[in-house]
>>> print(open('input33.pdb').read())   # PDB, C-alpha atoms and all ligand atoms
ATOM      1  CA  MET G  95       0.000   0.000   0.000
ATOM      2  CA  THR G  96       1.188   3.489  -0.790
ATOM      3  CA  LEU G  97       0.572   6.487   1.421
ATOM      4  CA  MET G  98       1.504   9.185  -1.057
ATOM      5  CA  SER G  99       2.466   9.077  -4.688
ATOM      6  CA  VAL G 100       4.154  11.926  -6.456
ATOM      7  CA  GLU G 101       4.292  12.015 -10.224
ATOM      8  CA  GLN G 102       6.287  14.290 -12.489
ATOM      9  CA  LEU G 103       6.328  17.065  -9.923
ATOM     10  CA  THR G 104       7.819  20.304 -11.198
ATOM     11  CA  LYS G 105       8.188  23.803  -9.763
ATOM     12  CA  THR G 106       9.400  26.572 -11.988
ATOM     13  CA  TYR G 107      10.655  29.944 -10.746
ATOM     14  CA  GLN G 108      11.692  32.541 -13.311
ATOM     15  CA  SER G 109      11.790  29.887 -16.036
ATOM     16  CA  THR G 110      14.124  27.619 -14.023
ATOM     17  CA  ASN G 111      12.848  24.228 -12.905
ATOM     18  CA  VAL G 112      14.003  24.238  -9.286
ATOM     19  CA  VAL G 113      12.146  20.932  -8.909
ATOM     20  CA  ASP G 114      12.324  19.091 -12.181
ATOM     21  CA  ASN G 115       9.914  16.299 -13.013
ATOM     22  CA  ILE G 116      10.420  14.122  -9.930
ATOM     23  CA  SER G 117       8.382  10.996  -9.121
ATOM     24  CA  PHE G 118       8.390   8.798  -6.044
ATOM     25  CA  THR G 119       6.095   7.049  -3.586
ATOM     26  CA  LEU G 120       6.012   7.027   0.196
ATOM     27  CA  GLU G 121       5.062   3.776   1.895
ATOM     28  CA  PRO G 122       3.361   3.869   5.306
ATOM     29  CA  GLY G 123       5.565   3.493   8.357
ATOM     30  CA  LYS G 124       8.818   4.288   6.535
ATOM     31  CA  CYS G 125      11.303   6.987   7.368
ATOM     32  CA  VAL G 126      12.607   8.563   4.185
ATOM     33  CA  ALA G 127      15.513  11.009   3.935
ATOM     34  CA  LEU G 128      15.457  13.656   1.238
ATOM     35  CA  LEU G 129      19.097  14.408   0.502
ATOM     36  CA  GLY G 130      20.839  16.944  -1.645
ATOM     37  CA  PRO G 131      23.293  19.824  -1.500
ATOM     38  CA  ASN G 132      22.107  23.373  -0.777
ATOM     39  CA  GLY G 133      19.843  24.645  -3.510
ATOM     40  CA  ALA G 134      18.952  21.137  -4.727
ATOM     41  CA  GLY G 135      15.212  21.802  -4.313
ATOM     42  CA  LYS G 136      14.518  19.993  -1.025
ATOM     43  CA  THR G 137      12.584  22.766   0.734
ATOM     44  CA  THR G 138      10.581  23.537  -2.395
ATOM     45  CA  THR G 139       9.632  19.852  -2.716
ATOM     46  CA  LEU G 140       8.623  19.574   0.937
ATOM     47  CA  ARG G 141       6.571  22.770   0.782
ATOM     48  CA  MET G 142       4.674  21.419  -2.232
ATOM     49  CA  LEU G 143       3.992  18.112  -0.464
ATOM     50  CA  ALA G 144       2.795  19.943   2.639
ATOM     51  CA  GLY G 145       0.385  22.020   0.562
ATOM     52  CA  PHE G 146       2.046  25.419   1.118
ATOM     53  CA  ILE G 147       2.944  26.089  -2.480
ATOM     54  CA  LYS G 148       1.356  24.881  -5.690
ATOM     55  CA  PRO G 149       3.312  22.739  -8.140
ATOM     56  CA  THR G 150       3.797  24.207 -11.621
ATOM     57  CA  SER G 151       2.899  20.748 -12.931
ATOM     58  CA  GLY G 152       2.649  17.158 -11.765
ATOM     59  CA  THR G 153       0.509  15.451  -9.182
ATOM     60  CA  ILE G 154       0.625  14.594  -5.497
ATOM     61  CA  ASN G 155      -1.854  11.932  -4.454
ATOM     62  CA  PHE G 156      -2.609  10.788  -0.951
ATOM     63  CA  SER G 157      -4.216   7.395  -0.488
ATOM     64  CA  GLU G 158      -6.580   8.820   2.132
ATOM     65  CA  GLU G 159     -10.134   8.914   0.808
ATOM     66  CA  ASN G 160     -10.930  12.425   1.913
ATOM     67  CA  PHE G 161      -7.632  13.763   0.767
ATOM     68  CA  LYS G 162      -9.171  16.088  -1.756
ATOM     69  CA  LYS G 163     -10.475  18.279   1.077
ATOM     70  CA  ASP G 164      -7.112  19.618   2.238
ATOM     71  CA  VAL G 165      -3.745  17.889   2.345
ATOM     72  CA  ARG G 166      -2.904  19.770   5.535
ATOM     73  CA  ASN G 167      -5.367  17.566   7.448
ATOM     74  CA  TYR G 168      -3.029  14.616   6.883
ATOM     75  CA  VAL G 169       0.373  16.206   6.912
ATOM     76  CA  GLY G 170       2.362  17.661   9.805
ATOM     77  CA  TYR G 171       5.102  20.071   8.749
ATOM     78  CA  LEU G 172       8.111  21.495  10.544
ATOM     79  CA  PRO G 173       9.760  24.265   8.519
ATOM     80  CA  GLN G 174      13.516  24.694   8.432
ATOM     81  CA  PHE G 175      13.274  27.881  10.507
ATOM     82  CA  PRO G 176      10.195  27.523  12.714
ATOM     83  CA  VAL G 177       8.815  30.705  14.220
ATOM     84  CA  PHE G 178       7.481  30.620  17.754
ATOM     85  CA  HIS G 179       5.775  33.167  19.938
ATOM     86  CA  ASN G 180       8.715  33.360  22.314
ATOM     87  CA  TRP G 181       6.747  35.033  25.086
ATOM     88  CA  MET G 182       4.474  31.992  25.379
ATOM     89  CA  THR G 183       5.294  28.896  27.395
ATOM     90  CA  GLY G 184       5.668  25.604  25.522
ATOM     91  CA  GLU G 185       2.326  24.493  26.867
ATOM     92  CA  GLU G 186       0.512  27.713  25.904
ATOM     93  CA  PHE G 187       1.967  27.490  22.425
ATOM     94  CA  LEU G 188       0.739  23.935  21.844
ATOM     95  CA  ILE G 189      -2.737  24.737  23.174
ATOM     96  CA  TYR G 190      -2.839  27.746  20.845
ATOM     97  CA  VAL G 191      -1.756  25.616  17.861
ATOM     98  CA  GLY G 192      -4.336  22.959  18.837
ATOM     99  CA  GLN G 193      -7.094  25.535  18.793
ATOM    100  CA  LEU G 194      -5.899  26.768  15.401
ATOM    101  CA  SER G 195      -6.362  23.153  14.250
ATOM    102  CA  HIS G 196     -10.005  23.358  15.368
ATOM    103  CA  LEU G 197      -9.641  21.463  18.660
ATOM    104  CA  SER G 198     -11.752  22.710  21.572
ATOM    105  CA  LYS G 199      -9.792  24.312  24.428
ATOM    106  CA  GLN G 200     -10.255  21.121  26.465
ATOM    107  CA  GLU G 201      -9.075  18.848  23.628
ATOM    108  CA  ALA G 202      -6.152  21.140  22.823
ATOM    109  CA  LYS G 203      -5.051  21.041  26.454
ATOM    110  CA  ALA G 204      -5.193  17.239  26.584
ATOM    111  CA  ARG G 205      -3.344  16.889  23.270
ATOM    112  CA  ALA G 206      -0.714  19.439  24.357
ATOM    113  CA  HIS G 207      -0.004  17.344  27.455
ATOM    114  CA  GLU G 208       0.291  14.140  25.469
ATOM    115  CA  LEU G 209       2.740  15.781  23.091
ATOM    116  CA  LEU G 210       4.777  17.482  25.829
ATOM    117  CA  GLU G 211       5.270  14.010  27.315
ATOM    118  CA  LEU G 212       6.181  12.543  23.943
ATOM    119  CA  VAL G 213       8.799  15.160  23.111
ATOM    120  CA  ASN G 214      10.127  15.184  26.660
ATOM    121  CA  LEU G 215       9.240  18.787  27.450
ATOM    122  CA  ILE G 216       6.718  18.104  30.180
ATOM    123  CA  ASP G 217       8.996  19.483  32.908
ATOM    124  CA  ALA G 218       9.710  22.592  30.847
ATOM    125  CA  ARG G 219       6.070  23.197  29.871
ATOM    126  CA  LYS G 220       5.705  26.309  32.060
ATOM    127  CA  GLN G 221       8.943  27.907  30.820
ATOM    128  CA  ARG G 222       8.849  30.615  28.199
ATOM    129  CA  ILE G 223       9.980  29.416  24.771
ATOM    130  CA  SER G 224      12.627  32.178  24.746
ATOM    131  CA  LYS G 225      14.410  30.189  27.482
ATOM    132  CA  TYR G 226      14.413  26.924  25.499
ATOM    133  CA  SER G 227      17.610  25.526  23.950
ATOM    134  CA  GLY G 228      17.791  24.890  20.189
ATOM    135  CA  GLY G 229      17.019  21.186  20.711
ATOM    136  CA  MET G 230      14.031  21.986  22.947
ATOM    137  CA  LYS G 231      12.647  24.428  20.377
ATOM    138  CA  GLN G 232      13.026  21.869  17.644
ATOM    139  CA  ARG G 233      11.216  19.250  19.748
ATOM    140  CA  LEU G 234       8.449  21.765  20.433
ATOM    141  CA  GLY G 235       8.284  22.357  16.672
ATOM    142  CA  ILE G 236       7.871  18.629  16.109
ATOM    143  CA  ALA G 237       5.120  18.508  18.767
ATOM    144  CA  GLN G 238       3.399  21.369  16.938
ATOM    145  CA  ALA G 239       3.561  19.399  13.675
ATOM    146  CA  LEU G 240       1.914  16.401  15.370
ATOM    147  CA  ILE G 241      -0.984  18.234  16.960
ATOM    148  CA  HIS G 242      -3.623  16.880  14.555
ATOM    149  CA  HIS G 243      -2.374  13.247  14.398
ATOM    150  CA  PRO G 244      -0.950  13.511  10.867
ATOM    151  CA  LYS G 245      -0.318  10.397   8.783
ATOM    152  CA  LEU G 246       2.754  11.959   7.220
ATOM    153  CA  ILE G 247       5.289  14.062   9.089
ATOM    154  CA  ILE G 248       7.477  16.333   6.986
ATOM    155  CA  LEU G 249      10.544  17.778   8.678
ATOM    156  CA  ASP G 250      12.762  20.267   6.857
ATOM    157  CA  GLU G 251      16.367  19.986   8.093
ATOM    158  CA  PRO G 252      15.235  19.130  11.646
ATOM    159  CA  VAL G 253      18.710  18.647  13.094
ATOM    160  CA  SER G 254      21.088  20.660  10.932
ATOM    161  CA  ALA G 255      21.248  23.700  13.200
ATOM    162  CA  LEU G 256      21.582  21.804  16.473
ATOM    163  CA  ASP G 257      24.553  21.060  18.690
ATOM    164  CA  PRO G 258      25.437  17.363  19.190
ATOM    165  CA  ILE G 259      23.211  17.011  22.272
ATOM    166  CA  GLY G 260      20.197  18.660  20.625
ATOM    167  CA  ARG G 261      20.804  16.622  17.509
ATOM    168  CA  ARG G 262      20.849  13.379  19.469
ATOM    169  CA  GLU G 263      17.599  14.315  21.285
ATOM    170  CA  VAL G 264      15.804  15.079  18.041
ATOM    171  CA  LEU G 265      17.112  11.954  16.250
ATOM    172  CA  ASN G 266      15.911   9.827  19.167
ATOM    173  CA  LEU G 267      12.517  11.495  18.969
ATOM    174  CA  ILE G 268      12.262  10.854  15.221
ATOM    175  CA  ARG G 269      13.095   7.213  15.927
ATOM    176  CA  GLU G 270      10.107   7.106  18.314
ATOM    177  CA  LEU G 271       7.782   8.796  15.814
ATOM    178  CA  LYS G 272       8.649   6.214  13.166
ATOM    179  CA  LYS G 273       6.614   3.676  15.119
ATOM    180  CA  ASP G 274       3.324   5.459  14.343
ATOM    181  CA  ALA G 275       3.753   7.592  11.249
ATOM    182  CA  THR G 276       5.516   7.992   7.947
ATOM    183  CA  ILE G 277       8.350  10.483   8.109
ATOM    184  CA  LEU G 278       9.957  12.431   5.309
ATOM    185  CA  PHE G 279      12.835  14.637   6.408
ATOM    186  CA  SER G 280      15.422  16.601   4.531
ATOM    187  CA  THR G 281      19.040  16.794   5.530
ATOM    188  CA  HIS G 282      22.459  17.354   4.117
ATOM    189  CA  ILE G 283      24.012  15.384   6.988
ATOM    190  CA  LEU G 284      24.447  11.942   5.526
ATOM    191  CA  ASN G 285      25.156  10.178   8.805
ATOM    192  CA  ASP G 286      21.725  11.193  10.074
ATOM    193  CA  ALA G 287      20.080   9.766   6.991
ATOM    194  CA  GLU G 288      22.041   6.547   7.335
ATOM    195  CA  GLU G 289      21.192   6.301  11.014
ATOM    196  CA  ILE G 290      17.434   6.714  11.032
ATOM    197  CA  SER G 291      15.989   6.296   7.565
ATOM    198  CA  GLU G 292      15.243   3.201   5.515
ATOM    199  CA  GLU G 293      15.022   4.966   2.193
ATOM    200  CA  ILE G 294      16.662   7.894   0.495
ATOM    201  CA  LEU G 295      15.705  10.299  -2.238
ATOM    202  CA  LEU G 296      18.672  12.192  -3.636
ATOM    203  CA  LEU G 297      18.019  15.498  -5.378
ATOM    204  CA  HIS G 298      20.516  17.481  -7.394
ATOM    205  CA  HIS G 299      19.652  20.616  -9.395
ATOM    206  CA  GLY G 300      15.974  19.767  -8.868
ATOM    207  CA  LYS G 301      16.295  16.285 -10.393
ATOM    208  CA  MET G 302      15.929  12.968  -8.603
ATOM    209  CA  ILE G 303      19.244  11.281  -9.234
ATOM    210  CA  LYS G 304      18.950   8.303  -6.869
ATOM    211  CA  GLN G 305      16.136   6.732  -4.929
ATOM    212  CA  GLY G 306      15.526   3.513  -3.035
ATOM    213  CA  SER G 307      16.374   1.749   0.178
ATOM    214  CA  ILE G 308      19.815   2.444   1.607
ATOM    215  CA  GLU G 309      20.740  -1.186   0.850
ATOM    216  CA  GLU G 310      19.564  -0.957  -2.763
ATOM    217  CA  VAL G 311      21.398   2.268  -3.365
ATOM    218  CA  SER G 312      24.608   1.051  -1.692
ATOM    219  CA  ASP G 313      24.490  -2.313  -3.465
ATOM    220  CA  SER G 314      23.854  -1.018  -6.932
ATOM    221  CA  GLN G 315      26.634  -1.707  -9.435
ATOM    222  CA  ASP G 316      27.594   1.881  -9.900
ATOM    223  CA  THR G 317      28.042   2.722  -6.247
ATOM    224  CA  VAL G 318      30.377   0.004  -5.043
ATOM    225  CA  SER G 319      34.035   0.798  -4.626
ATOM    226  CA  ILE G 320      37.247  -1.194  -4.813
ATOM    227  CA  ARG G 321      39.865  -0.979  -2.100
ATOM    228  CA  LEU G 322      43.456  -1.665  -3.034
ATOM    229  CA  ALA G 323      46.671  -1.929  -1.046
ATOM    230  CA  PHE G 324      50.234  -2.777  -2.082
ATOM    231  CA  SER G 325      53.211  -4.043  -0.138
ATOM    232  CA  GLU G 326      55.293  -1.319  -1.738
ATOM    233  CA  GLU G 327      53.599   1.574  -3.444
ATOM    234  CA  PRO G 328      54.373   1.571  -7.189
ATOM    235  CA  LYS G 329      55.564   4.816  -8.788
ATOM    236  CA  PHE G 330      52.892   7.150 -10.196
ATOM    237  CA  ILE G 331      50.220   4.659  -9.181
ATOM    238  CA  GLU G 332      47.587   7.292  -8.518
ATOM    239  CA  GLU G 333      47.988   8.747 -12.026
ATOM    240  CA  ARG G 334      47.999   5.263 -13.550
ATOM    241  CA  LEU G 335      44.823   4.240 -11.763
ATOM    242  CA  LYS G 336      43.070   7.411 -12.908
ATOM    243  CA  GLU G 337      43.899   6.588 -16.526
ATOM    244  CA  ILE G 338      41.791   3.408 -16.405
ATOM    245  CA  ASP G 339      38.482   3.948 -18.296
ATOM    246  CA  SER G 340      36.126   2.463 -15.794
ATOM    247  CA  VAL G 341      37.692   4.220 -12.808
ATOM    248  CA  PHE G 342      35.689   7.214 -11.653
ATOM    249  CA  LYS G 343      37.660   8.502  -8.694
ATOM    250  CA  VAL G 344      40.759   7.528  -6.769
ATOM    251  CA  VAL G 345      41.042   8.501  -3.128
ATOM    252  CA  ARG G 346      44.272   7.905  -1.289
ATOM    253  CA  GLN G 347      43.987   6.433   2.173
ATOM    254  CA  GLU G 348      46.614   5.744   4.794
ATOM    255  CA  HIS G 349      47.019   2.152   3.640
ATOM    256  CA  GLY G 350      46.125   2.123  -0.037
ATOM    257  CA  PHE G 351      43.369   3.536  -2.243
ATOM    258  CA  ILE G 352      39.600   3.606  -2.490
ATOM    259  CA  ILE G 353      38.469   3.539  -6.076
ATOM    260  CA  THR G 354      34.967   4.498  -7.114
ATOM    261  CA  VAL G 355      34.050   2.957 -10.436
ATOM    262  CA  HIS G 356      31.627   3.422 -13.305
ATOM    263  CA  ASP G 357      31.168  -0.283 -13.928
ATOM    264  CA  LEU G 358      32.269  -2.899 -11.433
ATOM    265  CA  ASN G 359      32.987  -5.776 -13.809
ATOM    266  CA  ALA G 360      34.924  -3.674 -16.260
ATOM    267  CA  ALA G 361      36.879  -2.000 -13.460
ATOM    268  CA  ARG G 362      37.701  -5.298 -11.785
ATOM    269  CA  ASN G 363      39.073  -6.738 -15.018
ATOM    270  CA  GLN G 364      40.956  -3.636 -16.068
ATOM    271  CA  LEU G 365      42.485  -3.161 -12.637
ATOM    272  CA  LEU G 366      43.581  -6.783 -12.298
ATOM    273  CA  ASP G 367      45.081  -6.713 -15.827
ATOM    274  CA  THR G 368      47.032  -3.564 -15.053
ATOM    275  CA  ILE G 369      48.218  -4.912 -11.702
ATOM    276  CA  LYS G 370      49.370  -8.147 -13.336
ATOM    277  CA  ASN G 371      51.023  -6.491 -16.337
ATOM    278  CA  GLU G 372      52.859  -4.024 -14.165
ATOM    279  CA  ASP G 373      53.707  -6.660 -11.584
ATOM    280  CA  TRP G 374      52.504  -4.450  -8.736
ATOM    281  CA  GLN G 375      52.728  -6.214  -5.367
ATOM    282  CA  LEU G 376      49.075  -6.351  -4.399
ATOM    283  CA  THR G 377      48.210  -7.077  -0.748
ATOM    284  CA  LYS G 378      44.513  -6.220  -0.819
ATOM    285  CA  PHE G 379      41.781  -6.182  -3.465
ATOM    286  CA  GLU G 380      38.358  -5.766  -1.931
ATOM    287  CA  VAL G 381      34.990  -4.865  -3.421
ATOM    288  CA  ALA G 382      33.089  -2.837  -0.830
ATOM    289  CA  LYS G 383      29.750  -1.124  -0.597
ATOM    290  CA  SER G 384      30.000   2.611  -0.783
ATOM    291  CA  SER G 385      28.999   4.700   2.160
ATOM    292  CA  LEU G 386      26.158   7.123   1.610
ATOM    293  CA  GLU G 387      28.797   9.817   1.521
ATOM    294  CA  ASP G 388      30.600   8.136  -1.412
ATOM    295  CA  ILE G 389      27.270   7.765  -3.232
ATOM    296  CA  PHE G 390      26.336  11.362  -2.601
ATOM    297  CA  MET G 391      29.720  12.751  -3.667
ATOM    298  CA  LYS G 392      29.765  10.630  -6.777
ATOM    299  CA  ALA G 393      26.220  11.580  -7.720
ATOM    300  CA  VAL G 394      26.648  15.316  -7.262
ATOM    301  CA  THR G 395      30.028  15.586  -8.961
ATOM    302  CA  GLU G 396      29.164  13.521 -12.034
TER     303      GLU G 396
HETATM  304  P1  LIG Q 401      17.280  23.311  -0.782
HETATM  305  O1  LIG Q 401      16.196  23.200   0.256
HETATM  306  O2  LIG Q 401      17.662  21.978  -1.361
HETATM  307  O3  LIG Q 401      18.488  24.057  -0.285
HETATM  308  P2  LIG Q 401      15.425  25.087  -2.131
HETATM  309  O4  LIG Q 401      14.217  24.292  -2.442
HETATM  310  O5  LIG Q 401      15.368  25.999  -0.935
HETATM  311  O6  LIG Q 401      16.702  24.132  -2.024
HETATM  312  O7  LIG Q 401      15.800  25.980  -3.381
HETATM  313  C1  LIG Q 401      16.013  25.443  -4.683
HETATM  314  C2  LIG Q 401      16.288  26.574  -5.641
HETATM  315  O8  LIG Q 401      15.094  27.303  -5.840
HETATM  316  C3  LIG Q 401      17.328  27.570  -5.168
HETATM  317  O9  LIG Q 401      18.133  27.918  -6.255
HETATM  318  C4  LIG Q 401      16.505  28.739  -4.696
HETATM  319  O10 LIG Q 401      17.214  29.946  -4.838
HETATM  320  C5  LIG Q 401      15.297  28.682  -5.632
HETATM  321  N1  LIG Q 401      14.069  29.230  -5.019
HETATM  322  C6  LIG Q 401      13.457  28.745  -3.923
HETATM  323  N2  LIG Q 401      12.340  29.468  -3.646
HETATM  324  C7  LIG Q 401      12.265  30.429  -4.598
HETATM  325  C8  LIG Q 401      11.341  31.490  -4.877
HETATM  326  N3  LIG Q 401      10.271  31.712  -4.107
HETATM  327  N4  LIG Q 401      11.588  32.280  -5.951
HETATM  328  C9  LIG Q 401      12.670  32.064  -6.748
HETATM  329  N5  LIG Q 401      13.567  31.086  -6.555
HETATM  330  C10 LIG Q 401      13.382  30.263  -5.489
END
>>> encode(input="input33.pdb", output="structure tokens", more="lines below")
Ligand code: ADP
Amino acid sequence: MTLMSVEQLTKTYQSTNVVDNISFTLEPGKCVALLGPNGAGKTTTLRMLAGFIKPTSGTINFSEENFKKDVRNYVGYLPQFPVFHNWMTGEEFLIYVGQLSHLSKQEAKARAHELLELVNLIDARKQRISKYSGGMKQRLGIAQALIHHPKLIILDEPVSALDPIGRREVLNLIRELKKDATILFSTHILNDAEEISEEILLLHHGKMIKQGSIEEVSDSQDTVSIRLAFSEEPKFIEERLKEIDSVFKVVRQEHGFIITVHDLNAARNQLLDTIKNEDWQLTKFEVAKSSLEDIFMKAVTE
């Protein structure tokens, strides 16, 4: 079953497609990371999915029957730079947001309490938001996004601006939320994506250049790398390796090289031929999955 399907979504500003014909589906209960360098189109995509801006073309369909009424009934959204009424306490703010979502004062109060417990702000509920740390504000922002029990939670760079403690708190919270809802969050911190998401969508210049589960993306032919080591480093080896057709990039490491390739079979054969012909003293030849960072760097520099 699919929760949301997005087809050929495009947003054009001043005749530039900042989101360019992207398609993907979101399955219920998954945590999906939207990756891409600055300016890739992540925020624009998330704002379209959350119903804040209209696509230039393409469709966004929610499986929910009543979806046509208003997508915002089903989606909770945390913007990259959330704005709070800093003079309010965390509790007052959530009650206020609850009432904006058409809950009665009584219901809003009960929901605010539930959420303050969930995001671990119950002890700080009577403090003014101006006194909250970055991590606390971000957790309050997530609570705000959850007020109306959304099926899909969209978080725009939820941890990028936080210190390591705040970041850890928010990542732990996202891990909790995964149990009950589908989460789509953008980040340019690849470790975070690797740590908490099952799937990735990789945007570059508005285009979707990779998508799938982390395993699929790391296993695919074009994202594996070959690790080489030699008992004695041959002369000009780095230059020689770079001359091989199927080699994409050569990175020197303390004990050898990591080689990203265009085509694994071709690279394996060409490398082994060269090593044999040159009589290089090989001590290690290992085909390894690429890290998300290798995949990302390869994809955005190609
Ligand atoms: P990301 O979130 O990946 O950093 P954005 O979606 O914020 O990327 O922006 C993608 C591109 O669209 C950028 O080049 C940005 O300058 C441009 N852009 C975003 N919003 C607007 C707008 N309202 N008008 C014109 N250009 C915009």
>>> residues_near_ligand(input="input33.pdb", ligand="ligand LIG 401 (chain Q)", cutoff="7 Å", atoms="only C-alpha atoms and all ligand atoms", output="CSV table (one decimal) with C-alpha atoms, in the coordinates of the input")
chain,number,residue,atom,x,y,z
G,107,TYR,CA,10.7,29.9,-10.7
G,108,GLN,CA,11.7,32.5,-13.3
G,112,VAL,CA,14.0,24.2,-9.3
G,130,GLY,CA,20.8,16.9,-1.6
G,131,PRO,CA,23.3,19.8,-1.5
G,132,ASN,CA,22.1,23.4,-0.8
G,133,GLY,CA,19.8,24.6,-3.5
G,134,ALA,CA,19.0,21.1,-4.7
G,135,GLY,CA,15.2,21.8,-4.3
G,136,LYS,CA,14.5,20.0,-1.0
G,137,THR,CA,12.6,22.8,0.7
G,138,THR,CA,10.6,23.5,-2.4
G,139,THR,CA,9.6,19.9,-2.7
>>> resolve_selection(input="input33.pdb", expression="the PyMOL selection byres (((chain G and resi 150) around 10) and not hetatm)", output="PyMOL selection string")
chain G and resi 103-107+111+113-114+142+147-149+151-153
>>> resolve_selection(input="input33.pdb", expression="the PyMOL selection byres (((chain G and resi 322) around 10) and not hetatm)", output="PyMOL selection string")
chain G and resi 319-321+323-324+346-347+349-353+365+376-381
>>> write_last_selection(input="input33.pdb", atoms="C-alpha atoms", output="PDB file, keeping the file's coordinate frame")
ATOM      1  CA  SER G 319      34.035   0.798  -4.626  1.00  0.00           C
ATOM      2  CA  ILE G 320      37.247  -1.194  -4.813  1.00  0.00           C
ATOM      3  CA  ARG G 321      39.865  -0.979  -2.100  1.00  0.00           C
ATOM      4  CA  ALA G 323      46.671  -1.929  -1.046  1.00  0.00           C
ATOM      5  CA  PHE G 324      50.234  -2.777  -2.082  1.00  0.00           C
ATOM      6  CA  ARG G 346      44.272   7.905  -1.289  1.00  0.00           C
ATOM      7  CA  GLN G 347      43.987   6.433   2.173  1.00  0.00           C
ATOM      8  CA  HIS G 349      47.019   2.152   3.640  1.00  0.00           C
ATOM      9  CA  GLY G 350      46.125   2.123  -0.037  1.00  0.00           C
ATOM     10  CA  PHE G 351      43.369   3.536  -2.243  1.00  0.00           C
ATOM     11  CA  ILE G 352      39.600   3.606  -2.490  1.00  0.00           C
ATOM     12  CA  ILE G 353      38.469   3.539  -6.076  1.00  0.00           C
ATOM     13  CA  LEU G 365      42.485  -3.161 -12.637  1.00  0.00           C
ATOM     14  CA  LEU G 376      49.075  -6.351  -4.399  1.00  0.00           C
ATOM     15  CA  THR G 377      48.210  -7.077  -0.748  1.00  0.00           C
ATOM     16  CA  LYS G 378      44.513  -6.220  -0.819  1.00  0.00           C
ATOM     17  CA  PHE G 379      41.781  -6.182  -3.465  1.00  0.00           C
ATOM     18  CA  GLU G 380      38.358  -5.766  -1.931  1.00  0.00           C
ATOM     19  CA  VAL G 381      34.990  -4.865  -3.421  1.00  0.00           C
TER      20      VAL G 381
END
>>> atom_distance(input="input33.pdb", atom1="CA of Glu185 in chain G", atom2="CA of Ala202 in chain G")
10.0 Å
>>> atom_distance(input="input33.pdb", atom1="CA of Gln193 in chain G", atom2="CA of Arg205 in chain G")
10.4 Å
>>> atom_distance(input="input33.pdb", atom1="CA of Asn180 in chain G", atom2="CA of Arg222 in chain G")
6.5 Å
>>> residues_around(input="input33.pdb", residues="Pro176 in chain G", least_positions_apart="2", cutoff="9 Å", atoms="all atoms listed in the file", output="PyMOL selection string")
chain G and resi 172-174+178+231-232+235
>>> resolve_selection(input="input33.pdb", expression="the PyMOL selection byres (((chain G and resi 171) around 10) and not hetatm)", output="mmCIF file with C-alpha atoms, in the coordinates of the input")
data_model
loop_
_atom_site.group_PDB
_atom_site.id
_atom_site.type_symbol
_atom_site.label_atom_id
_atom_site.label_comp_id
_atom_site.auth_asym_id
_atom_site.auth_seq_id
_atom_site.Cartn_x
_atom_site.Cartn_y
_atom_site.Cartn_z
ATOM 1 C CA LEU G 140 8.623 19.574 0.937
ATOM 2 C CA ARG G 141 6.571 22.770 0.782
ATOM 3 C CA LEU G 143 3.992 18.112 -0.464
ATOM 4 C CA ALA G 144 2.795 19.943 2.639
ATOM 5 C CA GLY G 145 0.385 22.020 0.562
ATOM 6 C CA PHE G 146 2.046 25.419 1.118
ATOM 7 C CA ARG G 166 -2.904 19.770 5.535
ATOM 8 C CA TYR G 168 -3.029 14.616 6.883
ATOM 9 C CA VAL G 169 0.373 16.206 6.912
ATOM 10 C CA GLY G 170 2.362 17.661 9.805
ATOM 11 C CA LEU G 172 8.111 21.495 10.544
ATOM 12 C CA PRO G 173 9.760 24.265 8.519
ATOM 13 C CA GLN G 174 13.516 24.694 8.432
ATOM 14 C CA PRO G 176 10.195 27.523 12.714
ATOM 15 C CA GLY G 235 8.284 22.357 16.672
ATOM 16 C CA ILE G 236 7.871 18.629 16.109
ATOM 17 C CA GLN G 238 3.399 21.369 16.938
ATOM 18 C CA ALA G 239 3.561 19.399 13.675
ATOM 19 C CA LEU G 240 1.914 16.401 15.370
ATOM 20 C CA PRO G 244 -0.950 13.511 10.867
ATOM 21 C CA LEU G 246 2.754 11.959 7.220
ATOM 22 C CA ILE G 247 5.289 14.062 9.089
ATOM 23 C CA ILE G 248 7.477 16.333 6.986
ATOM 24 C CA LEU G 249 10.544 17.778 8.678
ATOM 25 C CA ASP G 250 12.762 20.267 6.857
ATOM 26 C CA LEU G 278 9.957 12.431 5.309
ATOM 27 C CA PHE G 279 12.835 14.637 6.408
#
>>> residues_around(input="input33.pdb", residues="Glu101 in chain G", least_positions_apart="4", cutoff="9 Å", atoms="all atoms listed in the file", output="ChimeraX atom specification")
/G:115-119,152-155
>>> closest_residue(input="input33.pdb", among="G:Val191, G:Val264, G:Val394, G:Leu120", to="Gly300 in chain G", atoms="only C-alpha atoms")
G:Val394
>>> closest_residue(input="input33.pdb", among="G:Glu288, G:Val213, G:Leu194, G:Val341", to="Ser312 in chain G", atoms="all atoms listed in the file")
G:Glu288
>>> closest_residue(input="input33.pdb", among="G:Val345, G:Phe156, G:Leu197, G:Gly123", to="Ala275 in chain G", atoms="all atoms listed in the file")
G:Gly123
>>> closest_residue(input="input33.pdb", among="G:Asp339, G:Lys392, G:Asp367, G:Ile294", to="Thr354 in chain G", atoms="only C-alpha atoms")
G:Lys392
>>> axis_aligned_box(input="input33.pdb", around="range 331-335 of chain G", padding_each_side="4 Å", output="JSON")
{"center_x": 47.5, "center_y": 6.5, "center_z": -11.0, "size_x": 13.4, "size_y": 12.5, "size_z": 13.0}
>>> closest_residue(input="input33.pdb", among="G:Glu293, G:Arg219, G:His243, G:Ile331", to="Thr368 in chain G", atoms="only C-alpha atoms")
G:Ile331
>>> closest_residue(input="input33.pdb", among="G:Ala361, G:Leu296, G:Ile223, G:Leu209", to="Leu271 in chain G", atoms="all atoms listed in the file")
G:Leu209
>>> residues_around(input="input33.pdb", residues="Val311 in chain G", least_positions_apart="2", cutoff="12 Å", atoms="all atoms listed in the file", output="PyMOL selection string")
chain G and resi 288+292-296+303-309+313-318+383-390+393
